[in-house]
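K.L.:
File structure02.txt below, compact mmCIF, C-alpha atoms and all ligand atoms:
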# COMPACT_ATOMS: atom_id res chain seq x y z
CA MET A 1 77.80 164.29 70.23
CA SER A 2 79.94 161.45 71.47
CA ALA A 3 80.08 158.24 69.42
CA LYS A 4 79.07 154.84 70.72
CA LEU A 5 82.23 152.88 71.54
CA ILE A 6 82.54 149.50 69.83
CA MET A 7 84.39 147.56 72.51
CA GLY A 8 86.31 144.57 71.16
CA THR A 9 87.15 143.57 74.73
CA GLU A 10 83.44 143.03 75.49
CA ILE A 11 82.48 141.48 72.14
CA ARG A 12 85.46 139.09 72.51
CA GLU A 13 84.02 137.77 75.79
CA GLU A 14 80.59 137.28 74.19
CA ILE A 15 82.08 135.24 71.31
CA LEU A 16 84.48 133.23 73.51
CA GLU A 17 81.55 132.20 75.72
CA GLU A 18 79.64 131.04 72.62
CA ILE A 19 82.67 129.03 71.44
CA LYS A 20 83.23 127.47 74.88
CA LYS A 21 79.60 126.35 75.02
CA GLU A 22 79.80 124.79 71.56
CA VAL A 23 83.07 123.03 72.42
CA GLU A 24 81.39 121.48 75.49
CA GLU A 25 78.40 120.33 73.42
CA ILE A 26 80.57 118.75 70.71
CA LYS A 27 82.77 117.10 73.33
CA ALA A 28 79.71 115.60 75.07
CA LYS A 29 78.41 114.26 71.74
CA THR A 30 81.62 113.06 70.05
CA GLY A 31 84.40 113.08 72.66
CA LYS A 32 86.41 115.41 70.38
CA VAL A 33 87.72 118.91 71.06
CA PRO A 34 89.37 121.42 68.68
CA GLY A 35 93.16 120.99 68.49
CA LEU A 36 95.40 123.98 67.79
CA VAL A 37 99.18 123.97 67.33
CA THR A 38 101.16 127.19 67.27
CA ILE A 39 104.65 126.87 65.82
CA LEU A 40 107.07 129.54 67.01
CA VAL A 41 110.52 129.82 65.43
CA GLY A 42 113.10 131.77 67.44
CA GLU A 43 112.57 134.16 70.33
CA ASN A 44 111.08 137.36 68.97
CA PRO A 45 109.51 138.90 72.14
CA ALA A 46 106.36 140.16 70.36
CA SER A 47 105.83 136.73 68.74
CA ILE A 48 106.29 134.99 72.10
CA SER A 49 103.63 137.16 73.70
CA TYR A 50 101.16 136.67 70.80
CA VAL A 51 101.65 132.90 70.82
CA THR A 52 101.31 132.73 74.60
CA LEU A 53 98.01 134.60 74.42
CA LYS A 54 96.73 132.31 71.66
CA ILE A 55 97.58 129.20 73.65
CA GLN A 56 96.11 130.61 76.90
CA THR A 57 92.87 131.45 75.09
CA ALA A 58 92.69 127.99 73.49
CA HIS A 59 93.25 126.42 76.93
CA ARG A 60 90.49 128.53 78.49
CA LEU A 61 88.04 127.26 75.85
CA GLY A 62 88.83 123.61 76.47
CA PHE A 63 90.82 123.09 73.26
CA HIS A 64 93.69 120.61 72.92
CA GLU A 65 96.57 123.08 72.55
CA VAL A 66 100.18 122.52 71.58
CA GLN A 67 102.88 125.18 71.65
CA ASP A 68 105.77 123.95 69.53
CA SER A 69 108.84 126.19 69.95
CA GLN A 70 111.72 125.71 67.54
CA PRO A 71 115.20 127.28 67.52
CA ALA A 72 115.83 130.27 65.22
CA ASP A 73 118.30 128.18 63.19
CA ILE A 74 115.87 125.34 62.37
CA SER A 75 116.28 124.44 58.68
CA GLU A 76 113.48 125.09 56.22
CA GLU A 77 113.38 121.37 55.50
CA ALA A 78 112.92 120.50 59.19
CA LEU A 79 110.16 123.11 59.56
CA LEU A 80 108.35 121.71 56.50
CA ALA A 81 108.63 118.20 57.97
CA LEU A 82 107.15 119.46 61.25
CA ILE A 83 104.19 120.99 59.41
CA ASP A 84 103.69 117.72 57.56
CA LYS A 85 103.59 115.89 60.92
CA TYR A 86 100.77 118.16 62.14
CA ASN A 87 98.97 117.93 58.77
CA LYS A 88 98.69 114.18 59.43
CA ASP A 89 97.82 114.45 63.15
CA ASP A 90 94.07 113.82 63.62
CA SER A 91 94.03 115.55 67.02
CA ILE A 92 95.12 118.84 65.38
CA HIS A 93 92.54 120.90 63.43
CA GLY A 94 94.38 124.22 63.26
CA ILE A 95 98.04 124.87 62.41
CA LEU A 96 99.47 128.33 62.91
CA VAL A 97 103.07 129.25 62.08
CA GLN A 98 103.77 132.54 63.83
CA LEU A 99 105.15 135.21 61.48
CA PRO A 100 107.64 136.70 60.83
CA LEU A 101 110.01 133.78 60.20
CA PRO A 102 113.84 134.05 60.20
CA LYS A 103 115.31 135.25 56.88
CA HIS A 104 116.74 131.87 55.82
CA ILE A 105 113.22 130.39 55.68
CA ASN A 106 110.92 131.04 52.71
CA GLU A 107 107.65 132.20 54.27
CA LYS A 108 105.59 131.46 51.14
CA LYS A 109 106.87 127.89 50.98
CA VAL A 110 105.93 127.37 54.63
CA LEU A 111 102.43 128.83 54.29
CA VAL A 112 101.59 126.62 51.29
CA ALA A 113 102.85 123.53 53.15
CA ILE A 114 100.01 123.85 55.68
CA ASP A 115 96.98 121.70 54.79
CA PRO A 116 94.47 124.34 53.55
CA ASP A 117 91.78 122.57 55.60
CA LYS A 118 93.85 123.22 58.77
CA ASP A 119 94.95 126.73 57.79
CA VAL A 120 93.08 128.63 60.53
CA ASP A 121 95.02 131.83 59.74
CA GLY A 122 93.44 131.79 56.27
CA PHE A 123 96.76 132.72 54.62
CA HIS A 124 97.06 129.74 52.20
CA PRO A 125 96.36 130.80 48.56
CA ILE A 126 93.55 128.21 48.43
CA ASN A 127 91.82 129.95 51.33
CA VAL A 128 92.45 133.36 49.76
CA GLY A 129 90.73 131.99 46.64
CA ARG A 130 87.84 130.59 48.67
CA LEU A 131 87.37 134.01 50.28
CA MET A 132 87.26 135.64 46.85
CA ILE A 133 84.55 133.20 45.66
CA GLY A 134 82.56 133.87 48.84
CA GLY A 135 79.44 132.22 50.29
CA SER A 136 79.74 128.60 51.37
CA GLU A 137 83.20 128.33 49.72
CA VAL A 138 84.71 130.35 52.58
CA LYS A 139 86.26 128.09 55.22
CA TYR A 140 88.75 130.19 57.14
CA PRO A 141 88.41 133.95 56.71
CA PRO A 142 91.61 135.70 57.85
CA CYS A 143 91.26 136.52 61.55
CA THR A 144 91.59 140.32 61.68
CA PRO A 145 89.11 141.00 58.83
CA ALA A 146 86.73 138.40 60.30
CA GLY A 147 87.00 140.23 63.64
CA ILE A 148 86.25 143.56 61.98
CA GLN A 149 83.12 142.12 60.36
CA GLU A 150 81.96 140.71 63.71
CA LEU A 151 82.40 144.12 65.35
CA ILE A 152 80.35 145.73 62.59
CA VAL A 153 77.56 143.12 62.85
CA ARG A 154 77.43 142.96 66.65
CA SER A 155 77.41 146.75 67.01
CA GLY A 156 74.17 146.74 64.98
CA GLN A 157 75.58 148.60 61.97
CA ASP A 158 73.58 148.09 58.78
CA THR A 159 75.87 147.34 55.83
CA LYS A 160 73.48 146.48 53.00
CA GLY A 161 74.05 149.04 50.26
CA ALA A 162 76.27 151.08 52.58
CA GLU A 163 79.31 152.97 51.32
CA VAL A 164 82.31 151.22 52.85
CA VAL A 165 85.71 152.84 52.41
CA VAL A 166 88.81 150.78 53.27
CA VAL A 167 92.04 152.70 53.81
CA GLY A 168 94.97 150.34 53.06
CA ARG A 169 95.50 147.42 50.68
CA SER A 170 97.55 144.90 52.67
CA ASN A 171 97.12 141.18 52.04
CA ILE A 172 96.14 140.53 55.65
CA VAL A 173 93.62 143.33 56.26
CA GLY A 174 92.81 145.81 53.45
CA LYS A 175 92.32 143.44 50.51
CA PRO A 176 90.43 140.68 52.37
CA ILE A 177 88.09 143.02 54.29
CA ALA A 178 87.26 144.84 51.04
CA VAL A 179 86.34 141.51 49.40
CA MET A 180 84.33 140.38 52.44
CA MET A 181 82.31 143.60 52.64
CA MET A 182 81.30 143.44 48.97
CA GLN A 183 80.09 139.81 49.06
CA LYS A 184 76.42 138.97 49.46
CA GLY A 185 75.38 138.09 53.00
CA LYS A 186 75.13 139.31 56.59
CA GLY A 187 77.41 142.16 57.60
CA ALA A 188 78.31 142.75 53.95
CA ASN A 189 76.50 143.52 50.65
CA SER A 190 78.18 146.94 50.66
CA THR A 191 79.55 149.25 47.98
CA VAL A 192 83.28 149.18 48.61
CA THR A 193 86.06 151.61 47.76
CA VAL A 194 89.71 150.85 48.56
CA VAL A 195 92.05 153.81 48.95
CA HIS A 196 95.82 153.65 49.35
CA THR A 197 99.09 155.56 49.16
CA ALA A 198 98.57 156.48 45.49
CA THR A 199 94.99 157.71 45.95
CA LYS A 200 94.67 161.37 44.91
CA ASP A 201 92.23 162.75 47.46
CA LEU A 202 91.96 160.45 50.48
CA ALA A 203 89.80 162.87 52.43
CA SER A 204 87.04 163.11 49.82
CA HIS A 205 86.71 159.31 49.63
CA CYS A 206 86.66 158.93 53.41
CA ARG A 207 83.98 161.61 53.73
CA ARG A 208 81.56 159.44 51.68
CA ALA A 209 81.93 156.45 54.00
CA ASP A 210 79.03 155.12 56.06
CA VAL A 211 81.57 152.58 57.34
CA LEU A 212 85.22 153.67 57.37
CA ILE A 213 87.79 150.90 57.91
CA VAL A 214 91.30 152.22 58.43
CA ALA A 215 94.29 149.88 58.20
CA ALA A 216 97.09 152.15 57.00
CA GLY A 217 99.64 151.86 59.81
CA VAL A 218 100.00 155.65 60.01
CA PRO A 219 99.23 157.09 63.47
CA GLY A 220 96.47 159.73 63.40
CA LEU A 221 96.19 159.66 59.57
CA VAL A 222 92.41 160.12 59.53
CA LYS A 223 91.36 163.59 60.66
CA PRO A 224 87.93 164.40 62.12
CA GLU A 225 86.94 166.43 59.06
CA TRP A 226 87.40 163.27 56.92
CA ILE A 227 84.55 161.55 58.77
CA LYS A 228 80.91 161.72 57.70
CA PRO A 229 78.77 162.65 60.72
CA GLY A 230 77.28 159.48 62.24
CA ALA A 231 79.63 157.08 60.39
CA CYS A 232 80.90 153.81 61.84
CA VAL A 233 84.69 154.05 62.18
CA ILE A 234 86.82 150.92 62.55
CA ASP A 235 90.44 151.69 63.42
CA VAL A 236 92.76 148.75 62.75
CA GLY A 237 95.97 150.72 63.40
CA VAL A 238 98.14 149.69 66.34
CA ASN A 239 101.07 152.10 66.24
CA ARG A 240 103.69 152.26 68.98
CA VAL A 241 104.29 155.98 69.52
CA GLY A 242 106.30 155.80 72.74
CA GLU A 243 106.58 154.09 76.12
CA LYS A 244 105.12 154.66 79.56
CA VAL A 245 105.46 152.96 82.93
CA SER A 246 102.51 150.67 83.72
CA ALA A 247 100.72 151.69 86.92
CA LYS A 248 99.90 148.00 87.50
CA THR A 249 103.28 146.33 87.00
CA GLY A 250 105.75 149.25 87.20
CA ARG A 251 107.25 148.00 83.90
CA PRO A 252 107.56 149.97 80.66
CA VAL A 253 104.68 149.35 78.24
CA PRO A 254 104.17 150.79 74.74
CA ILE A 255 101.89 153.76 74.17
CA LEU A 256 99.56 152.70 71.34
CA ARG A 257 97.83 155.02 68.92
CA GLY A 258 95.42 154.17 66.12
CA ASP A 259 95.29 155.41 62.53
CA VAL A 260 92.38 157.71 63.46
CA ASP A 261 92.58 160.88 65.56
CA PHE A 262 90.30 159.25 68.15
CA ASP A 263 89.56 162.12 70.55
CA ALA A 264 88.32 164.40 67.78
CA ALA A 265 86.75 161.61 65.66
CA LYS A 266 84.52 160.37 68.48
CA GLU A 267 82.71 163.72 68.47
CA ILE A 268 81.67 163.22 64.84
CA ALA A 269 81.33 159.44 64.27
CA GLY A 270 78.19 157.52 65.22
CA SER A 271 80.27 154.60 66.49
CA ILE A 272 84.01 154.00 66.75
CA THR A 273 86.51 151.40 67.93
CA PRO A 274 89.10 152.52 70.50
CA VAL A 275 92.82 151.68 70.31
CA PRO A 276 93.62 149.58 72.24
CA GLY A 277 90.52 147.51 73.03
CA GLY A 278 88.74 147.67 69.67
CA VAL A 279 89.88 145.48 66.76
CA GLY A 280 92.94 144.06 68.59
CA PRO A 281 91.15 141.57 70.88
CA MET A 282 89.16 140.20 67.94
CA THR A 283 92.05 138.60 66.01
CA ILE A 284 92.73 135.79 68.49
CA THR A 285 88.98 135.38 69.07
CA MET A 286 88.42 134.66 65.39
CA LEU A 287 91.39 132.27 65.35
CA MET A 288 89.54 130.27 68.00
CA LYS A 289 86.35 130.38 65.94
CA ASN A 290 88.21 129.15 62.84
CA THR A 291 89.72 126.29 64.86
CA LEU A 292 86.29 125.28 66.17
CA ASN A 293 84.94 125.43 62.61
CA SER A 294 87.82 123.22 61.47
CA LEU A 295 86.88 120.57 64.04
CA LYS A 296 83.25 120.74 62.84
CA PHE A 297 84.41 120.42 59.23
CA HIS A 298 86.64 117.43 60.05
CA LEU A 299 83.78 115.75 61.97
CA GLY A 300 81.31 116.47 59.16
CA LEU A 301 79.10 118.53 61.52
N1 LIG B 1 102.18 137.56 63.24
C1 LIG B 1 101.48 138.68 63.55
N2 LIG B 1 100.15 138.45 63.37
C2 LIG B 1 100.03 137.18 62.96
C3 LIG B 1 98.89 136.37 62.61
O1 LIG B 1 97.74 136.79 62.65
N3 LIG B 1 99.18 135.08 62.22
C4 LIG B 1 100.45 134.60 62.16
N4 LIG B 1 100.61 133.35 61.76
N5 LIG B 1 101.51 135.34 62.46
C5 LIG B 1 101.30 136.61 62.86
Once more with this new file: its structure as structure tokens, please.

P.N.:
Amino acid sequence: MSAKLIMGTEIREEILEEIKKEVEEIKAKTGKVPGLVTILVGENPASISYVTLKIQTAHRLGFHEVQDSQPADISEEALLALIDKYNKDDSIHGILVQLPLPKHINEKKVLVAIDPDKDVDGFHPINVGRLMIGGSEVKYPPCTPAGIQELIVRSGQDTKGAEVVVVGRSNIVGKPIAVMMMQKGKGANSTVTVVHTATKDLASHCRRADVLIVAAGVPGLVKPEWIKPGACVIDVGVNRVGEKVSAKTGRPVPILRGDVDFDAAKEIAGSITPVPGGVGPMTITMLMKNTLNSLKFHLGL
């Protein structure tokens, strides 16, 4: 049996179209559009390409978008002042400071300086607390976990009472997705287990999972015999395992591999996300959704 592929590339287009339509409706009614600023410090090539993609996507949806590039030696004080400027700017509803930051800047101090009501990354402790409380308290769920939940819902997977096993306990994926899946509500209401590097028998936990979410950062960690037949497998891993020459551009591009042994796993799972093209495209999509929701919140809609 070959599993159904959960294509993030297709689900992304579906959601972006929904956002674009809503942006047009709100603009026609109020004259306002969502405003997103991305603050990039320094010239890390991966960060530049992420920020460029975020800004291009925001532009495509009709957002007001600002890309604010700052030199790598900007002082912490100047960066905090810049954030304060955008906190007070009524045309900006989402503020994103691209991570990682240079070593002389305290990342925690920067993240708490962002107005929690404009924190579309969902990294501010207030938004982490709101996520923990759940329900209508949640304003900005972190983008990758929110994307995972959308993939689960839109692929038709039932989660009520399901055994969900999360592999990994990071602050940006493992912990928040575990909390989200155990809350009451759509695409959740599950029985959740979190396993990690100190877990004694990873395989036996994974084998119980109706929905297996893997965010370990270890290429090919999950073997086919760890998967319950028919399970939904969400692979969050994006591991660079080498380089190849792109047939399109003739330039070297990374070879990406997930945390799941995909070729073997797809013969056992009921549904599975590919790498690339599964979870990856969803992160920026959910950033756009959070920014639209911030506009709605600020307009009282
Ligand atoms: N760096 C890598 N991923 C992210 C992200 O989702 N948000 C921010 N702010 N920085 C990142």

K.L.:
Gln56 of chain A: which residues within 12 Å, counting only C-alpha atoms, same-chain residues fewer than 6 positions away excluded, as a PDB file with C-alpha atoms, in the frame of the given file?

P.N.:
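Ended up saving to around-v3.pdb:
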ATOM      1  CA  LEU A  36      95.400 123.980  67.790  1.00  0.00           C
ATOM      2  CA  THR A  38     101.160 127.190  67.270  1.00  0.00           C
ATOM      3  CA  SER A  49     103.630 137.160  73.700  1.00  0.00           C
ATOM      4  CA  TYR A  50     101.160 136.670  70.800  1.00  0.00           C
ATOM      5  CA  GLY A  62      88.830 123.610  76.470  1.00  0.00           C
ATOM      6  CA  PHE A  63      90.820 123.090  73.260  1.00  0.00           C
ATOM      7  CA  HIS A  64      93.690 120.610  72.920  1.00  0.00           C
ATOM      8  CA  GLU A  65      96.570 123.080  72.550  1.00  0.00           C
ATOM      9  CA  VAL A  66     100.180 122.520  71.580  1.00  0.00           C
ATOM     10  CA  GLN A  67     102.880 125.180  71.650  1.00  0.00           C
ATOM     11  CA  ILE A 284      92.730 135.790  68.490  1.00  0.00           C
ATOM     12  CA  THR A 285      88.980 135.380  69.070  1.00  0.00           C
ATOM     13  CA  MET A 288      89.540 130.270  68.000  1.00  0.00           C
TER      14      MET A 288
END

K.L.:
Could you check how far atom CA of Ala113 of chain A sits from atom CA of Ile83 of chain A, in Å to one decimal?

P.N.:
6.9 Å

K.L.:
May I ask which of the residues A:Ala198, A:Leu131, A:Leu295, A:Ile114 is the closest one to ligand LIG 1 (chain B), counting all atoms listed in the file?

P.N.:
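Closest to ligand LIG 1 (chain B) of all the choices is A:Ile114.
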
K.L.:
Pick out the residues no farther than 9 Å from ligand LIG 1 (chain B), counting all atoms listed in the file, and list them as a list of chain:residue names.

P.N.:
A:Thr38, A:Ile39, A:Ala46, A:Ser47, A:Tyr50, A:Val51, A:Ile95, A:Leu96, A:Val97, A:Gln98, A:Leu99, A:Pro100, A:Leu101, A:Leu111, A:Val120, A:Asp121, A:Gly122, A:Phe123, A:Pro142, A:Cys143, A:Thr144, A:Ile172, A:Thr283, A:Ile284, A:Leu287

K.L.:
One decimal, Å: what's the distance from atom CA of Ile177 of chain A over to atom CA of Val138 of chain A, could you say?

P.N.:
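Separation of atom CA of Ile177 of chain A and atom CA of Val138 of chain A: 13.2 Å.
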
K.L.:
Near Lys160 of chain A, within 10 Å and counting all atoms listed in the file, which residues show up once chain neighbours fewer than 2 positions away are dropped, as a list in words?

P.N.:
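Listing them by chain and then by number gives Gln157, Asp158, Ala162, Glu163, Met181, Met182, Lys184, Gly185, Lys186, Gly187, Ala188, Asn189, Ser190 and Thr191 of chain A.
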
K.L.:
In Å, with one decimal, what is the gap from atom CA of Thr193 of chain A to atom CA of Gly8 of chain A?

P.N.:
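Taking atom CA of Thr193 of chain A as the start and atom CA of Gly8 of chain A as the end point, the length is 24.4 Å.
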
K.L.:
Could you list as a compact mmCIF listing (two decimals) with C-alpha atoms, keeping the file's coordinate frame every residue that has an atom within 12 Å of (96.3, 145.0, 49.9), using the file's coordinates and counting all atoms listed in the file?

P.N.:
# COMPACT_ATOMS: atom_id res chain seq x y z
CA VAL A 166 88.81 150.78 53.27
CA VAL A 167 92.04 152.70 53.81
CA GLY A 168 94.97 150.34 53.06
CA ARG A 169 95.50 147.42 50.68
CA SER A 170 97.55 144.90 52.67
CA ASN A 171 97.12 141.18 52.04
CA ILE A 172 96.14 140.53 55.65
CA VAL A 173 93.62 143.33 56.26
CA GLY A 174 92.81 145.81 53.45
CA LYS A 175 92.32 143.44 50.51
CA PRO A 176 90.43 140.68 52.37
CA ILE A 177 88.09 143.02 54.29
CA ALA A 178 87.26 144.84 51.04
CA VAL A 179 86.34 141.51 49.40
CA VAL A 194 89.71 150.85 48.56
CA VAL A 195 92.05 153.81 48.95
CA HIS A 196 95.82 153.65 49.35
CA THR A 197 99.09 155.56 49.16
CA ALA A 215 94.29 149.88 58.20
CA ALA A 216 97.09 152.15 57.00

K.L.:
Got a sec: who's within 12 Å of Ala231 of chain A, counting all atoms listed in the file, leaving out chain neighbours fewer than 5 positions off, as a ChimeraX atom specification?

P.N.:
/A:2-4,152,157-159,162-165,206-213,224-226,265-273

K.L.:
Find the spatial neighbours of Gly217 of chain A, counting all atoms listed in the file, within a cut-off of 7 Å - ignore same-chain residues fewer than 6 positions away - and output them as a VMD selection string.

P.N.:
chain A and resid 237 239 259

K.L.:
Given the selection you just returned, output its residues as a file containing C-alpha atoms, formatted as a compact mmCIF listing (two decimals), in the coordinates of the input.

P.N.:
# COMPACT_ATOMS: atom_id res chain seq x y z
CA GLY A 237 95.97 150.72 63.40
CA ASN A 239 101.07 152.10 66.24
CA ASP A 259 95.29 155.41 62.53

K.L.:
Rank nothing, just name the residue among A:Val222, A:Ala146, A:Ile92, A:Ala203 nearest to Asp261 of chain A, using only C-alpha atoms.

P.N.:
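Among A:Val222, A:Ala146, A:Ile92, A:Ala203, it is A:Val222 that comes nearest to Asp261 of chain A.
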
K.L.:
Taking all atoms of segment 184-197 of chain A that the file lists and extending 4 Å past them on each side, where is the centre of the axis-aligned box and how long are its edges? Answer in Å to one decimal, as AutoDock Vina command-line options.

P.N.:
--center_x 87.1 --center_y 146.8 --center_z 52.7 --size_x 32.0 --size_y 25.5 --size_z 17.8

K.L.:
Which residues are close to Lys296 of chain A, i.e. within 10 Å by all atoms listed in the file, leaving aside same-chain residues fewer than 2 positions away? Reply as a list in words.

P.N.:
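Residues near the query, excluding close chain neighbours: Val23, Ile26, Lys32, Val33, Pro34, His93, Asn290, Thr291, Leu292, Asn293, Ser294, His298, Leu299, Gly300 and Leu301 of chain A.
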
K.L.:
Considering only C-alpha atoms, state which residue in the set A:Leu256, A:Ile234, A:Ile55, A:Ile15 is at the smallest distance from Leu40 of chain A.

P.N.:
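Between A:Leu256, A:Ile234, A:Ile55, A:Ile15, the residue approaching Leu40 of chain A most closely is A:Ile55.
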
K.L.:
Of the candidates A:Gly220, A:Glu137, A:Asp117, A:Leu16, which shows the shortest atom-to-atom distance to Lys88 of chain A, using all atoms listed in the file?

P.N.:
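Once distances to Lys88 of chain A are computed over all atoms listed in the file, the minimum belongs to A:Asp117.
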
K.L.:
Can you work out which one of A:Ala72, A:Val253, A:Val41, A:Ala81 has the shortest atom-to-atom distance to Val241 of chain A, counting only C-alpha atoms?

P.N.:
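Distance minimum relative to Val241 of chain A lands on A:Val253.
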
K.L.:
With all atoms listed in the file as the atoms that count, which of A:Thr57, A:Ser75, A:Asn127, A:Thr9 lies nearest to Ile105 of chain A?

P.N.:
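Checking each of A:Thr57, A:Ser75, A:Asn127, A:Thr9 against Ile105 of chain A, counting all atoms listed in the file, the winner is A:Ser75.
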